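Inspection log for the structure reproduced underneath, given as structure tokens.
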Amino acid sequence: MTVAPEAPGARRATGRPGTTLPGPARGADPAGERRRALTQLHATDVYAMVGAATAALSITWLLFHWLLPFNGVVGFVVIAYVLFLLMYALLVSFDEDGPAIVDRIAAAIVRSMGLLLVVILAFVVCYALIQGRKALVHLNFFTQSMELAGPLQPLSVGGALHAAAGTLIMITIALLITVPAGLVCAVFLNEVPGAYARFVRTIVEAMTALPSVVAGLFIYATVILGLGLDQSGLAAGLALSVMMLPIIIRAADVVIRLVPGTLREASYAMGTSRWRTVWHVVLPTCRSGLTTAVILGTARGIGETSPVLLTAGFTNELNLNPFHDPMVSLPLVTFEFVKSPEPNMISRGFGTAALLMALVLMLFVAARILGGRGPGHLTRRQEHRRVLASRRDARRFAERSPAQAQAQAPVPVPAEAPAHDSAPHSTVRTENGSSS
């Protein structure tokens, strides 16, 4: 065997034998360059970020108050942010090269945008809670409707119970329609490809941008005017389902498309039919993604006002019958309360908005608990059932083993009787072909 000569400065393994790699040892500085991991955060990065932020704020304050006739919070923030990026890039360039500078600037932009979204969300939530705190502290706000309360009534009278009940009833009707239909349609688009599937996918993509008022007018014209159904929670649920269905189908289609094809091939190789493969392999694998699709559809439908106003009307009374009489939802009540000039009604409006956010949060948590686990993750109850099934299988195998041992035991052969002279002789052919 010919051994290639080692390069000068080759790294030799010490201790146990291993592969010898040519070139300088790991950790050395080739050509005088210092290696730097882009994913690690060092003290110099923190110093550069703090220094850039301080310099940007100082220069912006100097421009606004001394050099230029600028004012306004928005302009101050925008100019300070642009100067921060420039200063940060300048400070990073003292220690890093081009790719590292681009990486640091991109990381700063992405993290700042994420922080901005979190701040905006926290501001919206806190503002609704602060403005509606006067109504939320009263227990009657959660247990009474506005049947006996007017605009001039104190906050100790009336509440948003009728709106919360109407929202839950409408969204339940919409989910009962859209979840089965949306998942079946998404499975059809992926498992039965063809010209018709492409046509359906095009229609679904076009319906995702459907205005909410168009969905309300469609149900109002077909169900209320055409079929003679009264304005009710059922009609509002149908209108919400028209809006939620394309969202759920589109999101579920993308999620199912991400399931590895090897899982399907393994199932087909075991002789499983297509629909058993979908039920036992595809849907459990993307269960978490399907839950996200349902949440997105629910978020689209639960905050709409125009379809509910067209199909369910408006009422201040509590109505739990979705087939008769008008019904109202939390977004519509929030709109009606906030546009009133009375301070108590405005407080009720912000309290209703806070109640809507709490309701959405509870639905989100419930959906995550029911279907948020990834493939292969079992609940404690499922693990307990799996352990019990394993124990039953072990007992069945143990009971079957003695019976199998007895069935496979060799049967004793009786001794041969002595040959008699009158018995016929058998002919035996030897290897050379002669008979004896």
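Following the order of the structure tokens, chains are lettered A, B, ..., residues in each are numbered from 1, and ligands are numbered from 1.
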Per-residue DSSP, stretch 213-295 of chain A, filtered to alpha helix (DSSP H), as a ChimeraX atom specification: /A:213-219,233-257,261-269,274-277,283-285,287-295
Spatial neighbours of A:Leu57, 12 Å, only C-alpha atoms, chain gap at least 4 places, as a PyMOL selection string: chain A and resi 50-53+61-64+76-85+87
Just want the 10 Å neighbourhood of A:Ala165, counted on only C-alpha atoms, with same-chain residues fewer than 4 positions away dropped. Output as a VMD selection string. chain A and resid 160 to 161 169 to 170 318 to 320 327 to 330
Go ahead and write the selection's residues with all heavy atoms as a PDB file, in the first residue's frame.
ATOM      1  N   ALA A 160     -71.818  42.330  28.759  1.00  0.00           N
ATOM      2  CA  ALA A 160     -71.556  41.813  27.412  1.00  0.00           C
ATOM      3  C   ALA A 160     -71.790  40.314  27.322  1.00  0.00           C
ATOM      4  O   ALA A 160     -71.200  39.646  26.472  1.00  0.00           O
ATOM      5  CB  ALA A 160     -70.131  42.151  26.991  1.00  0.00           C
ATOM      6  N   LEU A 161     -72.646  39.776  28.175  1.00  0.00           N
ATOM      7  CA  LEU A 161     -72.901  38.343  28.139  1.00  0.00           C
ATOM      8  C   LEU A 161     -73.552  37.918  26.834  1.00  0.00           C
ATOM      9  O   LEU A 161     -73.220  36.871  26.267  1.00  0.00           O
ATOM     10  CB  LEU A 161     -73.780  37.944  29.333  1.00  0.00           C
ATOM     11  CG  LEU A 161     -74.194  36.467  29.399  1.00  0.00           C
ATOM     12  CD1 LEU A 161     -72.968  35.572  29.524  1.00  0.00           C
ATOM     13  CD2 LEU A 161     -75.177  36.231  30.539  1.00  0.00           C
ATOM     14  N   ILE A 169     -71.478  30.867  19.840  1.00  0.00           N
ATOM     15  CA  ILE A 169     -72.417  30.078  19.027  1.00  0.00           C
ATOM     16  C   ILE A 169     -72.084  30.208  17.540  1.00  0.00           C
ATOM     17  O   ILE A 169     -72.053  29.217  16.803  1.00  0.00           O
ATOM     18  CB  ILE A 169     -73.859  30.540  19.321  1.00  0.00           C
ATOM     19  CG1 ILE A 169     -74.256  30.160  20.750  1.00  0.00           C
ATOM     20  CG2 ILE A 169     -74.834  29.911  18.322  1.00  0.00           C
ATOM     21  CD1 ILE A 169     -75.607  30.699  21.176  1.00  0.00           C
ATOM     22  N   MET A 170     -71.843  31.429  17.084  1.00  0.00           N
ATOM     23  CA  MET A 170     -71.531  31.625  15.666  1.00  0.00           C
ATOM     24  C   MET A 170     -70.242  30.928  15.261  1.00  0.00           C
ATOM     25  O   MET A 170     -70.180  30.252  14.216  1.00  0.00           O
ATOM     26  CB  MET A 170     -71.422  33.122  15.368  1.00  0.00           C
ATOM     27  CG  MET A 170     -72.701  33.900  15.536  1.00  0.00           C
ATOM     28  SD  MET A 170     -72.414  35.668  15.289  1.00  0.00           S
ATOM     29  CE  MET A 170     -73.973  36.332  15.850  1.00  0.00           C
ATOM     30  N   LEU A 318     -80.170  38.645  25.343  1.00  0.00           N
ATOM     31  CA  LEU A 318     -79.455  37.370  25.285  1.00  0.00           C
ATOM     32  C   LEU A 318     -80.287  36.369  24.508  1.00  0.00           C
ATOM     33  O   LEU A 318     -81.412  36.044  24.891  1.00  0.00           O
ATOM     34  CB  LEU A 318     -79.168  36.855  26.699  1.00  0.00           C
ATOM     35  CG  LEU A 318     -78.479  35.492  26.793  1.00  0.00           C
ATOM     36  CD1 LEU A 318     -77.101  35.516  26.136  1.00  0.00           C
ATOM     37  CD2 LEU A 318     -78.371  35.050  28.260  1.00  0.00           C
ATOM     38  N   ASN A 319     -79.756  35.858  23.420  1.00  0.00           N
ATOM     39  CA  ASN A 319     -80.441  34.882  22.573  1.00  0.00           C
ATOM     40  C   ASN A 319     -79.520  33.685  22.382  1.00  0.00           C
ATOM     41  O   ASN A 319     -78.446  33.798  21.787  1.00  0.00           O
ATOM     42  CB  ASN A 319     -80.805  35.509  21.220  1.00  0.00           C
ATOM     43  CG  ASN A 319     -81.509  34.516  20.313  1.00  0.00           C
ATOM     44  OD1 ASN A 319     -82.090  33.531  20.777  1.00  0.00           O
ATOM     45  ND2 ASN A 319     -81.465  34.762  19.018  1.00  0.00           N
ATOM     46  N   LEU A 320     -79.952  32.541  22.868  1.00  0.00           N
ATOM     47  CA  LEU A 320     -79.163  31.314  22.763  1.00  0.00           C
ATOM     48  C   LEU A 320     -79.676  30.378  21.682  1.00  0.00           C
ATOM     49  O   LEU A 320     -79.140  29.284  21.524  1.00  0.00           O
ATOM     50  CB  LEU A 320     -79.157  30.567  24.107  1.00  0.00           C
ATOM     51  CG  LEU A 320     -78.571  31.339  25.293  1.00  0.00           C
ATOM     52  CD1 LEU A 320     -78.645  30.498  26.557  1.00  0.00           C
ATOM     53  CD2 LEU A 320     -77.141  31.782  25.016  1.00  0.00           C
ATOM     54  N   MET A 327     -79.050  37.939  16.655  1.00  0.00           N
ATOM     55  CA  MET A 327     -77.963  37.592  17.566  1.00  0.00           C
ATOM     56  C   MET A 327     -76.799  38.538  17.269  1.00  0.00           C
ATOM     57  O   MET A 327     -76.624  38.989  16.132  1.00  0.00           O
ATOM     58  CB  MET A 327     -77.554  36.132  17.386  1.00  0.00           C
ATOM     59  CG  MET A 327     -76.540  35.632  18.399  1.00  0.00           C
ATOM     60  SD  MET A 327     -76.156  33.870  18.168  1.00  0.00           S
ATOM     61  CE  MET A 327     -77.720  33.140  18.708  1.00  0.00           C
ATOM     62  N   VAL A 328     -76.008  38.821  18.277  1.00  0.00           N
ATOM     63  CA  VAL A 328     -74.931  39.792  18.144  1.00  0.00           C
ATOM     64  C   VAL A 328     -73.618  39.152  18.573  1.00  0.00           C
ATOM     65  O   VAL A 328     -73.606  38.147  19.295  1.00  0.00           O
ATOM     66  CB  VAL A 328     -75.239  41.045  18.994  1.00  0.00           C
ATOM     67  CG1 VAL A 328     -75.032  40.769  20.469  1.00  0.00           C
ATOM     68  CG2 VAL A 328     -74.410  42.231  18.544  1.00  0.00           C
ATOM     69  N   SER A 329     -72.505  39.732  18.116  1.00  0.00           N
ATOM     70  CA  SER A 329     -71.178  39.216  18.435  1.00  0.00           C
ATOM     71  C   SER A 329     -70.369  40.283  19.151  1.00  0.00           C
ATOM     72  O   SER A 329     -70.728  41.466  19.183  1.00  0.00           O
ATOM     73  CB  SER A 329     -70.449  38.770  17.168  1.00  0.00           C
ATOM     74  OG  SER A 329     -70.228  39.867  16.308  1.00  0.00           O
ATOM     75  N   LEU A 330     -69.239  39.881  19.708  1.00  0.00           N
ATOM     76  CA  LEU A 330     -68.389  40.812  20.450  1.00  0.00           C
ATOM     77  C   LEU A 330     -67.808  41.931  19.581  1.00  0.00           C
ATOM     78  O   LEU A 330     -67.796  43.096  20.010  1.00  0.00           O
ATOM     79  CB  LEU A 330     -67.259  40.033  21.141  1.00  0.00           C
ATOM     80  CG  LEU A 330     -67.666  39.215  22.377  1.00  0.00           C
ATOM     81  CD1 LEU A 330     -66.505  38.342  22.828  1.00  0.00           C
ATOM     82  CD2 LEU A 330     -68.101  40.133  23.511  1.00  0.00           C
TER      83      LEU A 330
END
Using only C-alpha atoms, which residues sit within 10 Å of A:Val294 once same-chain residues fewer than 4 positions away are excluded, as a PyMOL selection string? chain A and resi 175+178-179+182-183+244-245+247-249+251-252+289-290+298-300+364+367
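When only C-alpha atoms are used to compute distances to A:Phe142, the closest of the residues A:Pro322, A:Val74, A:Thr352, A:Ile59 turns out to be A:Thr352.
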So that I can check the surroundings of A:Trp275, please list as a PyMOL selection string every protein, DNA and RNA residue that reaches within 10 Å of it, counting only C-alpha atoms and ignoring chain neighbours fewer than 4 positions away. chain A and resi 187+191+279-282
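Comparing the minimum interatomic distances between A:Pro326 and each of A:Asn344, A:Thr305, A:Ser288, A:Gln231, counting only C-alpha atoms, we find that A:Gln231 sits nearest.
Here the question is which of A:Arg391, A:Gly349, A:Thr44, A:Ala186 gets nearest to A:Leu91 using only C-alpha atoms, and that residue is A:Thr44.
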Quick one: residues within 12 Å of A:Ile101, only C-alpha atoms, excluding same-chain residues fewer than 3 positions away - as a compact mmCIF listing (two decimals) with N, CA, C and O atoms, in the first residue's frame?
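File written: selection-v3.txt
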# COMPACT_ATOMS: atom_id res chain seq x y z
N LEU A 38 -19.95 33.27 13.49
CA LEU A 38 -20.94 34.33 13.32
C LEU A 38 -22.14 34.19 14.25
O LEU A 38 -22.89 35.13 14.45
N ASP A 45 -19.58 42.80 20.42
CA ASP A 45 -20.87 43.04 19.79
C ASP A 45 -21.78 43.87 20.68
O ASP A 45 -22.48 44.78 20.22
N ALA A 48 -20.50 47.44 20.72
CA ALA A 48 -20.83 48.12 19.46
C ALA A 48 -22.30 48.51 19.41
O ALA A 48 -22.65 49.61 18.96
N LEU A 85 -28.31 52.00 12.65
CA LEU A 85 -27.80 50.99 11.72
C LEU A 85 -26.48 51.43 11.10
O LEU A 85 -25.54 50.62 10.96
N LEU A 86 -26.38 52.71 10.73
CA LEU A 86 -25.13 53.19 10.14
C LEU A 86 -23.98 53.15 11.14
O LEU A 86 -22.86 52.70 10.82
N MET A 87 -24.23 53.60 12.36
CA MET A 87 -23.19 53.58 13.38
C MET A 87 -22.79 52.16 13.75
O MET A 87 -21.60 51.86 13.96
N TYR A 88 -23.77 51.28 13.82
CA TYR A 88 -23.47 49.89 14.16
C TYR A 88 -22.62 49.23 13.08
O TYR A 88 -21.67 48.49 13.38
N ALA A 89 -22.96 49.49 11.81
CA ALA A 89 -22.14 48.94 10.73
C ALA A 89 -20.72 49.49 10.78
O ALA A 89 -19.75 48.77 10.53
N LEU A 90 -20.57 50.77 11.10
CA LEU A 90 -19.24 51.36 11.18
C LEU A 90 -18.42 50.75 12.31
O LEU A 90 -17.24 50.42 12.14
N LEU A 91 -19.02 50.54 13.47
CA LEU A 91 -18.29 49.96 14.60
C LEU A 91 -17.94 48.50 14.37
O LEU A 91 -16.86 48.05 14.74
N VAL A 92 -18.84 47.76 13.74
CA VAL A 92 -18.55 46.35 13.48
C VAL A 92 -17.45 46.21 12.44
O VAL A 92 -16.65 45.26 12.48
N SER A 93 -17.37 47.16 11.51
CA SER A 93 -16.35 47.07 10.45
C SER A 93 -14.93 47.19 10.98
O SER A 93 -13.98 46.82 10.29
N PHE A 94 -14.73 47.71 12.19
CA PHE A 94 -13.40 47.79 12.76
C PHE A 94 -12.81 46.43 13.10
O PHE A 94 -11.59 46.26 13.11
N ASP A 95 -13.69 45.45 13.42
CA ASP A 95 -13.22 44.14 13.84
C ASP A 95 -13.58 43.02 12.88
O ASP A 95 -13.02 41.92 12.99
N GLU A 96 -14.52 43.22 11.97
CA GLU A 96 -15.02 42.15 11.11
C GLU A 96 -14.84 42.50 9.65
O GLU A 96 -14.57 43.66 9.29
N ASP A 97 -15.03 41.47 8.82
CA ASP A 97 -14.97 41.67 7.38
C ASP A 97 -16.37 41.82 6.81
O ASP A 97 -17.35 41.95 7.56
N GLY A 98 -16.48 41.79 5.48
CA GLY A 98 -17.75 42.06 4.82
C GLY A 98 -18.88 41.12 5.20
O GLY A 98 -19.97 41.58 5.59
N ARG A 104 -24.34 40.91 10.88
CA ARG A 104 -24.71 41.67 12.07
C ARG A 104 -25.84 42.67 11.76
O ARG A 104 -26.76 42.85 12.55
N ILE A 105 -25.76 43.33 10.60
CA ILE A 105 -26.80 44.29 10.25
C ILE A 105 -28.13 43.58 10.04
O ILE A 105 -29.20 44.04 10.49
N ALA A 106 -28.11 42.44 9.33
CA ALA A 106 -29.35 41.69 9.12
C ALA A 106 -29.94 41.21 10.44
O ALA A 106 -31.16 41.28 10.65
N ALA A 107 -29.09 40.72 11.35
CA ALA A 107 -29.59 40.28 12.66
C ALA A 107 -30.19 41.44 13.44
O ALA A 107 -31.23 41.29 14.11
N ALA A 108 -29.55 42.61 13.36
CA ALA A 108 -30.10 43.78 14.07
C ALA A 108 -31.45 44.19 13.52
O ALA A 108 -32.38 44.52 14.28
